[in-house]
Every structure is written in structure tokens, then in C-alpha cells.
$ cat protein-v4.txt   # compact mmCIF, C-alpha atoms
# COMPACT_ATOMS: atom_id res chain seq x y z
CA MET A 1327 11.04 -72.26 91.45
CA SER A 1328 8.65 -69.85 89.71
CA LEU A 1329 7.86 -70.18 86.02
CA ILE A 1330 8.41 -67.23 83.66
CA THR A 1331 5.29 -66.58 81.68
CA ARG A 1332 5.29 -65.26 78.11
CA ASP A 1333 4.04 -61.87 79.32
CA HIS A 1334 6.92 -61.62 81.80
CA PHE A 1335 9.39 -62.50 79.05
CA VAL A 1336 8.03 -59.83 76.66
CA THR A 1337 8.16 -57.22 79.43
CA TRP A 1338 11.72 -58.19 80.27
CA CYS A 1339 12.78 -57.96 76.61
CA ALA A 1340 11.26 -54.51 76.32
CA MET A 1341 13.39 -53.33 79.25
CA THR A 1342 16.68 -54.73 77.93
CA GLU A 1343 18.96 -54.32 74.95
CA PHE A 1344 17.41 -57.42 73.42
CA ALA A 1345 14.14 -55.60 72.71
CA PRO A 1346 13.46 -55.69 68.95
CA GLU A 1347 13.59 -52.27 67.31
CA PRO A 1348 10.92 -51.19 64.84
CA LYS A 1349 11.98 -51.83 61.25
CA VAL A 1350 10.72 -48.50 59.93
CA PHE A 1351 10.53 -45.22 61.78
CA GLU A 1352 7.97 -42.55 60.95
CA GLN A 1353 10.63 -40.40 59.26
CA GLN A 1354 11.66 -43.31 57.06
CA GLU A 1355 8.06 -43.90 56.06
CA GLN A 1356 7.78 -40.25 55.05
CA TRP A 1357 10.89 -40.58 52.91
CA VAL A 1358 9.41 -43.62 51.16
CA LEU A 1359 6.13 -41.81 50.48
CA GLU A 1360 7.90 -38.68 49.20
CA LEU A 1361 9.88 -40.78 46.74
CA ARG A 1362 6.71 -42.60 45.69
CA ARG A 1363 5.14 -39.25 44.81
CA ARG A 1364 7.91 -38.98 42.22
CA ARG A 1365 6.52 -42.19 40.71
CA LEU A 1366 9.54 -44.28 41.64
CA GLY A 1367 9.40 -48.06 41.90
CA ALA A 1368 10.52 -49.99 44.97
CA ARG A 1369 14.05 -50.61 43.68
CA ARG A 1370 14.56 -46.95 42.81
CA ILE A 1371 13.17 -45.95 46.21
CA GLN A 1372 15.65 -48.31 47.85
CA SER A 1373 18.52 -46.76 45.88
CA GLU A 1374 17.42 -43.17 46.56
CA LEU A 1375 17.02 -43.83 50.30
CA LEU A 1376 20.56 -45.11 50.48
CA GLY A 1377 21.98 -42.25 48.42
CA GLU A 1378 20.00 -39.36 49.91
CA HIS A 1379 19.54 -40.43 53.53
CA ASP A 1380 22.07 -43.24 54.08
CA CYS A 1381 19.05 -45.38 54.95
CA GLY A 1382 19.06 -49.05 54.01
CA LEU A 1383 15.63 -50.67 53.80
CA SER A 1384 14.84 -54.01 52.22
CA LEU A 1385 12.49 -54.22 49.24
CA ALA A 1386 10.04 -56.19 51.38
CA THR A 1387 9.95 -53.40 53.97
CA ILE A 1388 9.42 -50.75 51.30
CA HIS A 1389 6.54 -52.75 49.84
CA LYS A 1390 5.01 -53.03 53.33
CA VAL A 1391 5.17 -49.24 53.79
CA LEU A 1392 3.53 -48.68 50.40
CA HIS A 1393 0.82 -51.23 51.21
CA LYS A 1394 0.26 -49.73 54.66
CA HIS A 1395 -0.44 -46.32 53.11
CA ALA A 1396 -2.58 -47.78 50.30
CA GLN A 1397 -0.23 -46.67 47.53
CA PRO A 1398 -1.44 -48.16 44.22
CA PRO A 1399 1.06 -49.96 41.99
CA LEU A 1400 2.68 -47.92 39.25
CA LYS A 1401 1.17 -48.28 35.82
CA ARG A 1402 3.78 -49.19 33.24
CA SER A 1403 3.29 -49.27 29.50
CA ARG A 1404 3.52 -52.70 27.93
CA LEU A 1405 6.81 -53.25 26.15
CA SER A 1406 7.13 -55.13 22.92
CA ARG A 1407 8.40 -58.67 23.29
CA LYS A 1408 11.01 -57.87 20.67
CA LYS A 1409 14.18 -56.72 22.40
CA LYS A 1410 14.92 -53.10 21.56
CA HIS A 1411 18.42 -51.92 20.82
CA ARG A 1412 19.40 -48.58 22.32
CA TYR A 1413 21.35 -46.45 19.86
CA GLU A 1414 23.62 -43.83 21.32
CA ARG A 1415 26.66 -41.85 20.29
CA ASP A 1416 30.09 -42.76 21.63
CA VAL A 1417 31.37 -39.19 21.98
CA PRO A 1418 29.89 -36.40 24.14
CA GLY A 1419 28.39 -33.61 22.03
CA ASP A 1420 28.17 -35.72 18.88
CA ARG A 1421 24.38 -35.42 18.98
CA VAL A 1422 22.22 -33.30 21.29
CA GLN A 1423 18.48 -33.88 21.25
CA MET A 1424 16.35 -30.76 21.80
CA ASP A 1425 12.63 -30.47 22.47
CA THR A 1426 9.93 -28.46 24.23
CA CYS A 1427 7.29 -29.64 26.68
CA LYS A 1428 4.15 -27.91 27.97
CA ILE A 1429 4.13 -27.96 31.78
CA ALA A 1430 1.13 -25.68 32.44
CA PRO A 1431 -0.70 -22.81 30.69
CA ARG A 1432 1.96 -20.29 29.59
CA LEU A 1433 4.72 -22.47 31.01
CA TYR A 1434 6.96 -24.46 28.67
CA GLN A 1435 10.18 -26.31 29.35
CA TYR A 1436 12.95 -26.31 26.77
CA THR A 1437 15.23 -29.34 27.08
CA ALA A 1438 18.58 -30.21 25.51
CA ILE A 1439 20.13 -33.58 26.38
CA ASP A 1440 23.39 -35.07 25.18
CA ASP A 1441 22.80 -38.43 23.53
CA CYS A 1442 25.95 -39.96 25.00
CA THR A 1443 26.22 -38.72 28.60
CA ARG A 1444 22.63 -37.55 29.32
CA VAL A 1445 24.03 -34.19 30.46
CA ARG A 1446 21.18 -31.70 30.09
CA VAL A 1447 20.25 -28.03 29.98
CA LEU A 1448 16.74 -26.94 31.00
CA ALA A 1449 14.93 -23.62 30.87
CA LEU A 1450 11.37 -22.34 31.36
CA TYR A 1451 9.62 -19.90 29.01
CA SER A 1452 6.11 -18.59 28.62
CA ALA A 1453 5.78 -19.72 25.00
CA ARG A 1454 7.35 -21.85 22.29
CA THR A 1455 8.75 -19.27 19.89
CA ALA A 1456 11.74 -18.82 17.62
CA ALA A 1457 12.97 -15.99 19.84
CA ASN A 1458 12.95 -18.24 22.91
CA SER A 1459 14.63 -20.99 20.90
CA LEU A 1460 17.47 -18.58 20.15
CA LEU A 1461 17.77 -17.63 23.82
CA PHE A 1462 17.81 -21.28 24.80
CA LEU A 1463 20.42 -22.13 22.17
CA GLU A 1464 22.78 -19.51 23.62
CA MET A 1465 22.17 -20.98 27.08
CA VAL A 1466 22.91 -24.51 25.88
CA ILE A 1467 26.16 -23.46 24.22
CA GLU A 1468 27.19 -21.67 27.41
CA GLU A 1469 26.34 -24.50 29.81
CA MET A 1470 27.19 -27.69 27.92
CA PRO A 1471 30.66 -28.77 29.12
CA PHE A 1472 31.67 -29.88 25.60
CA PRO A 1473 31.24 -28.59 22.03
CA MET A 1474 28.16 -29.76 20.13
CA GLN A 1475 28.49 -31.24 16.66
CA ARG A 1476 24.80 -31.59 15.76
CA ILE A 1477 21.40 -30.74 17.23
CA GLN A 1478 18.42 -33.01 16.61
CA THR A 1479 14.85 -31.72 17.01
CA ASP A 1480 11.32 -32.63 16.00
CA ARG A 1481 9.65 -30.52 13.35
CA GLY A 1482 8.25 -27.86 15.64
CA ARG A 1483 8.02 -24.37 14.16
CA GLU A 1484 10.13 -22.92 16.97
CA PHE A 1485 13.19 -24.75 15.59
CA PHE A 1486 12.69 -24.10 11.86
CA ALA A 1487 12.94 -20.32 11.95
CA TYR A 1488 15.66 -19.09 9.62
CA LYS A 1489 17.35 -17.12 12.41
CA PHE A 1490 17.64 -20.24 14.55
CA GLN A 1491 19.16 -22.28 11.73
CA GLU A 1492 21.50 -19.46 10.73
CA ARG A 1493 22.73 -19.19 14.31
CA LEU A 1494 23.52 -22.91 14.30
CA MET A 1495 25.57 -22.39 11.15
CA GLU A 1496 27.46 -19.54 12.79
CA TYR A 1497 28.41 -21.89 15.62
CA ALA A 1498 29.34 -24.73 13.21
CA ILE A 1499 26.57 -26.96 14.55
CA LYS A 1500 24.70 -29.25 12.17
CA PHE A 1501 20.88 -29.13 12.22
CA ARG A 1502 19.35 -32.59 11.93
CA PRO A 1503 15.55 -32.62 12.45
CA ILE A 1504 13.84 -35.99 12.56
CA LYS A 1505 11.29 -37.18 10.00
CA PRO A 1506 7.58 -36.57 10.72
CA GLY A 1507 5.81 -39.26 12.72
CA SER A 1508 8.99 -40.65 14.27
CA PRO A 1509 9.16 -39.34 17.86
CA HIS A 1510 11.09 -42.48 18.88
CA LEU A 1511 14.13 -40.98 17.16
CA ASN A 1512 14.07 -38.25 19.80
CA GLY A 1513 13.41 -40.81 22.52
CA LYS A 1514 16.05 -39.67 25.00
CA VAL A 1515 14.74 -36.13 25.31
CA GLU A 1516 11.14 -37.38 25.39
CA ARG A 1517 11.97 -39.78 28.24
CA SER A 1518 13.95 -37.08 30.00
CA GLN A 1519 10.96 -34.74 30.01
CA LYS A 1520 8.69 -37.50 31.27
CA THR A 1521 11.09 -37.96 34.19
CA ASP A 1522 10.88 -34.22 34.93
CA ILE A 1523 7.09 -34.34 35.00
CA GLU A 1524 6.91 -37.43 37.20
CA GLU A 1525 9.78 -36.77 39.60
CA PHE A 1526 9.99 -32.98 39.76
CA TYR A 1527 6.91 -31.08 38.64
CA SER A 1528 4.58 -33.44 40.50
CA THR A 1529 6.27 -32.40 43.78
CA VAL A 1530 6.37 -28.59 43.42
CA ASP A 1531 3.97 -25.64 43.21
CA LEU A 1532 3.98 -24.56 39.56
CA THR A 1533 2.93 -21.03 40.54
CA SER A 1534 5.83 -20.58 42.97
CA PRO A 1535 8.10 -17.61 42.22
CA ASP A 1536 11.02 -19.89 43.13
CA LEU A 1537 10.16 -22.48 40.47
CA GLY A 1538 13.22 -21.59 38.41
CA LYS A 1539 15.52 -21.99 41.42
CA LYS A 1540 13.92 -25.32 42.28
CA LEU A 1541 14.42 -26.46 38.69
CA ASP A 1542 18.13 -25.58 38.99
CA ASP A 1543 18.37 -27.63 42.19
CA TRP A 1544 16.63 -30.54 40.43
CA GLN A 1545 19.19 -30.29 37.65
CA VAL A 1546 22.06 -30.53 40.10
CA TYR A 1547 20.49 -33.61 41.63
CA TYR A 1548 19.82 -35.12 38.18
CA HIS A 1549 23.41 -34.63 37.06
CA GLU A 1550 25.32 -35.48 40.22
CA PHE A 1551 23.25 -37.88 42.32
CA ARG A 1552 20.44 -39.54 40.36
CA PRO A 1553 21.53 -42.96 39.01
CA HIS A 1554 20.49 -43.73 35.43
CA GLY A 1555 19.53 -47.21 34.33
CA SER A 1556 20.59 -46.41 30.76
CA LEU A 1557 24.06 -45.52 32.11
CA LYS A 1558 24.29 -48.71 34.19
CA GLY A 1559 23.66 -46.87 37.43
CA LYS A 1560 26.07 -44.01 36.78
CA THR A 1561 25.14 -40.33 36.88
CA PRO A 1562 25.57 -38.06 33.82
CA TRP A 1563 28.57 -36.33 35.43
CA GLU A 1564 30.22 -39.69 36.12
CA ARG A 1565 29.66 -40.72 32.50
CA TRP A 1566 31.05 -37.40 31.27
CA GLY A 1567 34.09 -37.83 33.51
CA GLU A 1568 34.80 -41.22 31.94
CA LEU A 1569 34.70 -39.82 28.41
CA SER A 1570 36.14 -36.34 28.88
CA LEU A 1571 39.52 -37.29 27.39
CA LYS A 1572 37.83 -38.72 24.28
CA THR A 1573 35.83 -35.55 23.66
CA PRO A 1574 37.06 -33.40 20.74
CA LEU A 1575 37.93 -29.77 21.36
CA THR A 1576 35.99 -26.88 19.85
CA ASP A 1577 38.68 -26.24 17.20
CA GLU A 1578 38.54 -29.88 16.13
CA VAL A 1579 34.74 -29.81 15.82
CA GLU A 1580 34.81 -26.60 13.78
CA ALA A 1581 37.47 -28.05 11.47
CA LEU A 1582 35.15 -30.97 10.64
CA TYR A 1583 32.18 -28.70 9.86
CA ASP A 1584 31.61 -28.17 6.14
CA PRO A 1585 29.28 -25.19 5.54
CA ALA A 1586 28.88 -26.18 1.88
CA LYS A 1587 26.94 -29.26 2.99
CA GLU A 1588 24.48 -27.34 5.15
CA ARG A 1589 21.31 -25.57 4.02
CA ILE A 1590 18.25 -23.92 5.49
CA GLN A 1591 15.62 -26.61 5.95
CA GLU A 1592 11.87 -26.20 5.63
CA GLN A 1593 9.41 -27.41 8.24
CA ASN A 1594 7.20 -29.15 5.69
CA TYR A 1595 9.05 -32.38 4.98
CA ARG A 1596 8.97 -33.75 1.45
CA MET A 1597 10.21 -37.14 0.33
CA ASP A 1598 12.66 -36.76 -2.55

$ encode --input "protein-v4.txt" --output "C-alpha cells"
Amino acid sequence: MSLITRDHFVTWCAMTEFAPEPKVFEQQEQWVLELRRRRLGARRIQSELLGEHDCGLSLATIHKVLHKHAQPPLKRSRLSRKKKHRYERDVPGDRVQMDTCKIAPRLYQYTAIDDCTRVRVLALYSARTAANSLLFLEMVIEEMPFPMQRIQTDRGREFFAYKFQERLMEYAIKFRPIKPGSPHLNGKVERSQKTDIEEFYSTVDLTSPDLGKKLDDWQVYYHEFRPHGSLKGKTPWERWGELSLKTPLTDEVEALYDPAKERIQEQNYRMD
């Protein structure tokens, strides 16, 4: 009776259905690396792989792929030990945070994000101006799926033009700029723009003539497929669907607006 050596056994396994399959194929590795370029952590990569490609990889396997390709760990800012409470509105449209962000020379992104659902509107312009703010405002009113009660901005000049504030009054929208030196009050739009820079703009050619179309595609993905930790893993559209019946109608919002309580505000903030 002949003995089966280890080499014979390995050869036999390779020729049968019992042969172990590789844990990660080359295509899967590429997916992991593409997601890493969007500055996603291992858990987010795992979630995105399952959602985008129906590919289930363990966290250990993802870490091995990142280590194999010498991907450095993500740098995270140190959080205060004091637990932070996240304030957010209960009704869609109650407060919309608006801001601008420089992407490249002569390329600025305007962002409006609903405090409650994280539904957003994005647009690209060549400059931060009052005229572009007016154009963006019309776009936001057209695309937001619910009426807006108030808009919150920082104290940028592009938002304090009289024409911009007068247009808000015409639409029965309250203008509520934050105090100087308090960007944390506009934290949702600031974080939203950071996500755009890390997960979108880092993956595209900023000089591409199709940049606007790619931004639209990114918006669809952001709204319909990208899970949000602040929404307990839901997407903005899912959150909006949950609260749609609680959202007031345009007539109801306009009825609550009191023009006598609104005034044109100056950019230079003074403590009374």
C-alpha cells in the first residue's frame, strides 16, 4: 500500500472541488482600493462593497488588501472626551444650512443641506457672488422636495446682499445667519462639503467638461445609496420618506411667516 505524500494531496485538492478558492480576486482588490481613494474606513468599505457590488468581504480581508498595497491608515481628528450632542430639526425644511466651498481656482461649490433629512442641492460656479447666490437659491427652491422655513448661512458677503435677502422674504423664508466665529453651528453643511472633497472630487478630473454631470451622478448616489451614520445607516431619501407625512405644505409654511418680524441684516455683526 503506497503512502500519499503531502505534495500528492495538495495536487489532488487542486484538481477537485475541494480546492480552496482565493479569498479576494483582483477585481475585488481594485474595488477596495477605489473606495479607499475616497478616504473610506474599513467598515464603510465593507458596506459599500455589499451595496455597490453585492460583494461580502470580512473586515480582516479588507485590512489585508489595504496592507498588501501599502495603504496608510486614515488620519482622524481627535475628538473631545466630552460626548457631543447632535442637534437637528424634527421636520424637513425647518432649517436648511447653506455654504460655499472652494474646490479649485475659479471653481466653487454652493451647497444647501436640510438639517433633518440631509437632502442636498449642489451647484458649481466660477465665483462666490451675490448674483450666483440668487441663481443657487432659485435652484434650491426648485429641487428641494419640501418647502423651506429658514436658511442658515455663515457671514459670507455672497449671502448678505440686499437682493438675496429680499428674495428670501418674497419666498417667505427666514434668513438666520450664524454668529461670527461659530462654524460649528453650520456643522452639517461643513461636514457635507468635506465628504464631497474626500469621496468625490478626489476621484475625478476637475478640468473635465463633464464635471457637472459627474457631480449630478454623485448626488444621486449620495441621496439614494450612500448610508449615513448620522441617520443610523439610512439614506437621505429613506429619511425623507419616513417623514414626508409630517412635513408641512407650502401654504402652511407661508401662513406661519410673519414679514413684520423680518429685516435686512448687515454682514458686520454687532452685539446689542

$ closest_residue --input "protein-v4.txt" --among "A:His1393, A:Gly1419, A:Met1495, A:Asp1425" --to "Ala1586 in chain A" --atoms "all atoms listed in the file"
A:Met1495

$ closest_residue --input "protein-v4.txt" --among "A:Thr1561, A:Gln1353, A:Thr1426, A:Thr1576" --to "Pro1473 in chain A" --atoms "all atoms listed in the file"
A:Thr1576

$ residues_near_point --input "protein-v4.txt" --point "(38.6, -37.5, 21.8)" --cutoff "12 Å" --atoms "only C-alpha atoms" --output "VMD selection string"
chain A and resid 1416 to 1420 1472 to 1473 1568 to 1576 1578 to 1579

$ atom_distance --input "protein-v4.txt" --atom1 "CA of Phe1526 in chain A" --atom2 "CA of Cys1381 in chain A"
21.6 Å

$ atom_distance --input "protein-v4.txt" --atom1 "CA of Leu1460 in chain A" --atom2 "CA of Asp1441 in chain A"
20.8 Å

$ closest_residue --input "protein-v4.txt" --among "A:Arg1365, A:Arg1454, A:Arg1421, A:Arg1552" --to "Gln1435 in chain A" --atoms "all atoms listed in the file"
A:Arg1454

$ closest_residue --input "protein-v4.txt" --among "A:Phe1486, A:Tyr1583, A:Tyr1436, A:Phe1551" --to "Ile1499 in chain A" --atoms "all atoms listed in the file"
A:Tyr1583

$ atom_distance --input "protein-v4.txt" --atom1 "CA of Phe1351 in chain A" --atom2 "CA of Ala1386 in chain A"
15.1 Å

$ closest_residue --input "protein-v4.txt" --among "A:Tyr1548, A:Lys1489, A:Glu1580, A:Gly1513" --to "Glu1564 in chain A" --atoms "all atoms listed in the file"
A:Tyr1548

$ residues_around --input "protein-v4.txt" --residues "Val1546 in chain A" --least-positions-apart "5" --cutoff "12 Å" --atoms "all atoms listed in the file" --output "short mmCIF file (atom, residue, chain, number, x, y, z; two decimals) with C-alpha atoms, in the frame of the given file"
data_model
loop_
_atom_site.label_atom_id
_atom_site.label_comp_id
_atom_site.auth_asym_id
_atom_site.auth_seq_id
_atom_site.Cartn_x
_atom_site.Cartn_y
_atom_site.Cartn_z
CA VAL A 1445 24.03 -34.19 30.46
CA ARG A 1446 21.18 -31.70 30.09
CA VAL A 1447 20.25 -28.03 29.98
CA LEU A 1448 16.74 -26.94 31.00
CA LYS A 1539 15.52 -21.99 41.42
CA LYS A 1540 13.92 -25.32 42.28
CA LEU A 1541 14.42 -26.46 38.69
CA PHE A 1551 23.25 -37.88 42.32
CA ARG A 1552 20.44 -39.54 40.36
CA THR A 1561 25.14 -40.33 36.88
CA PRO A 1562 25.57 -38.06 33.82
CA TRP A 1563 28.57 -36.33 35.43
#

$ residues_around --input "protein-v4.txt" --residues "Ala1453 in chain A" --least-positions-apart "4" --cutoff "10 Å" --atoms "all atoms listed in the file" --output "JSON list (two decimals) with C-alpha atoms, keeping the file's coordinate frame"
[["chain", "number", "residue", "atom", "x", "y", "z"],
["A", 1426, "THR", "CA", 9.93, -28.46, 24.23],
["A", 1428, "LYS", "CA", 4.15, -27.91, 27.97],
["A", 1431, "PRO", "CA", -0.70, -22.81, 30.69],
["A", 1432, "ARG", "CA", 1.96, -20.29, 29.59],
["A", 1433, "LEU", "CA", 4.72, -22.47, 31.01],
["A", 1434, "TYR", "CA", 6.96, -24.46, 28.67],
["A", 1435, "GLN", "CA", 10.18, -26.31, 29.35],
["A", 1436, "TYR", "CA", 12.95, -26.31, 26.77],
["A", 1457, "ALA", "CA", 12.97, -15.99, 19.84],
["A", 1458, "ASN", "CA", 12.95, -18.24, 22.91],
["A", 1459, "SER", "CA", 14.63, -20.99, 20.90],
["A", 1484, "GLU", "CA", 10.13, -22.92, 16.97]]

$ residues_around --input "protein-v4.txt" --residues "Arg1481 in chain A" --least-positions-apart "2" --cutoff "7 Å" --atoms "only C-alpha atoms" --output "MDAnalysis selection string"
chainID A and resid 1479 1483 1503:1504 1506 1593

$ residues_around --input "protein-v4.txt" --residues "Arg1369 in chain A" --least-positions-apart "3" --cutoff "7 Å" --atoms "only C-alpha atoms" --output "list in words"
Gln1372, Ser1373 and Leu1385 of chain A

$ closest_residue --input "protein-v4.txt" --among "A:Tyr1451, A:Ala1368, A:Thr1437, A:Phe1501" --to "Gln1591 in chain A" --atoms "all atoms listed in the file"
A:Phe1501

$ build_atoms --input "protein-v4.txt" --residues "range 1470-1488 of chain A" --atoms "N, CA and C atoms" --output "mmCIF file, keeping the file's coordinate frame"
data_model
loop_
_atom_site.group_PDB
_atom_site.id
_atom_site.type_symbol
_atom_site.label_atom_id
_atom_site.label_comp_id
_atom_site.auth_asym_id
_atom_site.auth_seq_id
_atom_site.Cartn_x
_atom_site.Cartn_y
_atom_site.Cartn_z
ATOM 1 N N MET A 1470 26.703 -26.354 28.247
ATOM 2 C CA MET A 1470 27.190 -27.690 27.920
ATOM 3 C C MET A 1470 28.714 -27.733 28.138
ATOM 4 N N PRO A 1471 29.231 -28.745 28.818
ATOM 5 C CA PRO A 1471 30.660 -28.770 29.120
ATOM 6 C C PRO A 1471 31.526 -29.241 27.960
ATOM 7 N N PHE A 1472 30.912 -29.420 26.767
ATOM 8 C CA PHE A 1472 31.670 -29.880 25.600
ATOM 9 C C PHE A 1472 31.038 -29.269 24.354
ATOM 10 N N PRO A 1473 31.796 -29.164 23.265
ATOM 11 C CA PRO A 1473 31.240 -28.590 22.030
ATOM 12 C C PRO A 1473 30.217 -29.532 21.406
ATOM 13 N N MET A 1474 29.204 -28.964 20.778
ATOM 14 C CA MET A 1474 28.160 -29.760 20.130
ATOM 15 C C MET A 1474 28.424 -29.855 18.639
ATOM 16 N N GLN A 1475 28.284 -31.051 18.096
ATOM 17 C CA GLN A 1475 28.490 -31.240 16.660
ATOM 18 C C GLN A 1475 27.189 -31.151 15.874
ATOM 19 N N ARG A 1476 26.095 -31.658 16.456
ATOM 20 C CA ARG A 1476 24.800 -31.590 15.760
ATOM 21 C C ARG A 1476 23.682 -31.506 16.793
ATOM 22 N N ILE A 1477 22.602 -30.835 16.396
ATOM 23 C CA ILE A 1477 21.400 -30.740 17.230
ATOM 24 C C ILE A 1477 20.255 -31.402 16.481
ATOM 25 N N GLN A 1478 19.539 -32.264 17.187
ATOM 26 C CA GLN A 1478 18.420 -33.010 16.610
ATOM 27 C C GLN A 1478 17.130 -32.557 17.278
ATOM 28 N N THR A 1479 16.132 -32.179 16.486
ATOM 29 C CA THR A 1479 14.850 -31.720 17.010
ATOM 30 C C THR A 1479 13.710 -32.426 16.264
ATOM 31 N N ASP A 1480 12.489 -32.234 16.790
ATOM 32 C CA ASP A 1480 11.320 -32.630 16.000
ATOM 33 C C ASP A 1480 11.063 -31.507 15.004
ATOM 34 N N ARG A 1481 9.903 -31.501 14.397
ATOM 35 C CA ARG A 1481 9.650 -30.520 13.350
ATOM 36 C C ARG A 1481 8.765 -29.371 13.832
ATOM 37 N N GLY A 1482 8.961 -28.998 15.097
ATOM 38 C CA GLY A 1482 8.250 -27.860 15.640
ATOM 39 C C GLY A 1482 8.677 -26.551 14.999
ATOM 40 N N ARG A 1483 7.735 -25.645 14.843
ATOM 41 C CA ARG A 1483 8.020 -24.370 14.160
ATOM 42 C C ARG A 1483 9.098 -23.562 14.864
ATOM 43 N N GLU A 1484 9.176 -23.720 16.210
ATOM 44 C CA GLU A 1484 10.130 -22.920 16.970
ATOM 45 C C GLU A 1484 11.586 -23.224 16.611
ATOM 46 N N PHE A 1485 11.819 -24.386 15.957
ATOM 47 C CA PHE A 1485 13.190 -24.750 15.590
ATOM 48 C C PHE A 1485 13.488 -24.524 14.103
ATOM 49 N N PHE A 1486 12.460 -24.237 13.298
ATOM 50 C CA PHE A 1486 12.690 -24.100 11.860
ATOM 51 C C PHE A 1486 12.773 -22.650 11.400
ATOM 52 N N ALA A 1487 12.756 -21.717 12.329
ATOM 53 C CA ALA A 1487 12.940 -20.320 11.950
ATOM 54 C C ALA A 1487 14.310 -20.136 11.321
ATOM 55 N N TYR A 1488 14.391 -19.291 10.322
ATOM 56 C CA TYR A 1488 15.660 -19.090 9.620
ATOM 57 C C TYR A 1488 16.735 -18.576 10.587
#
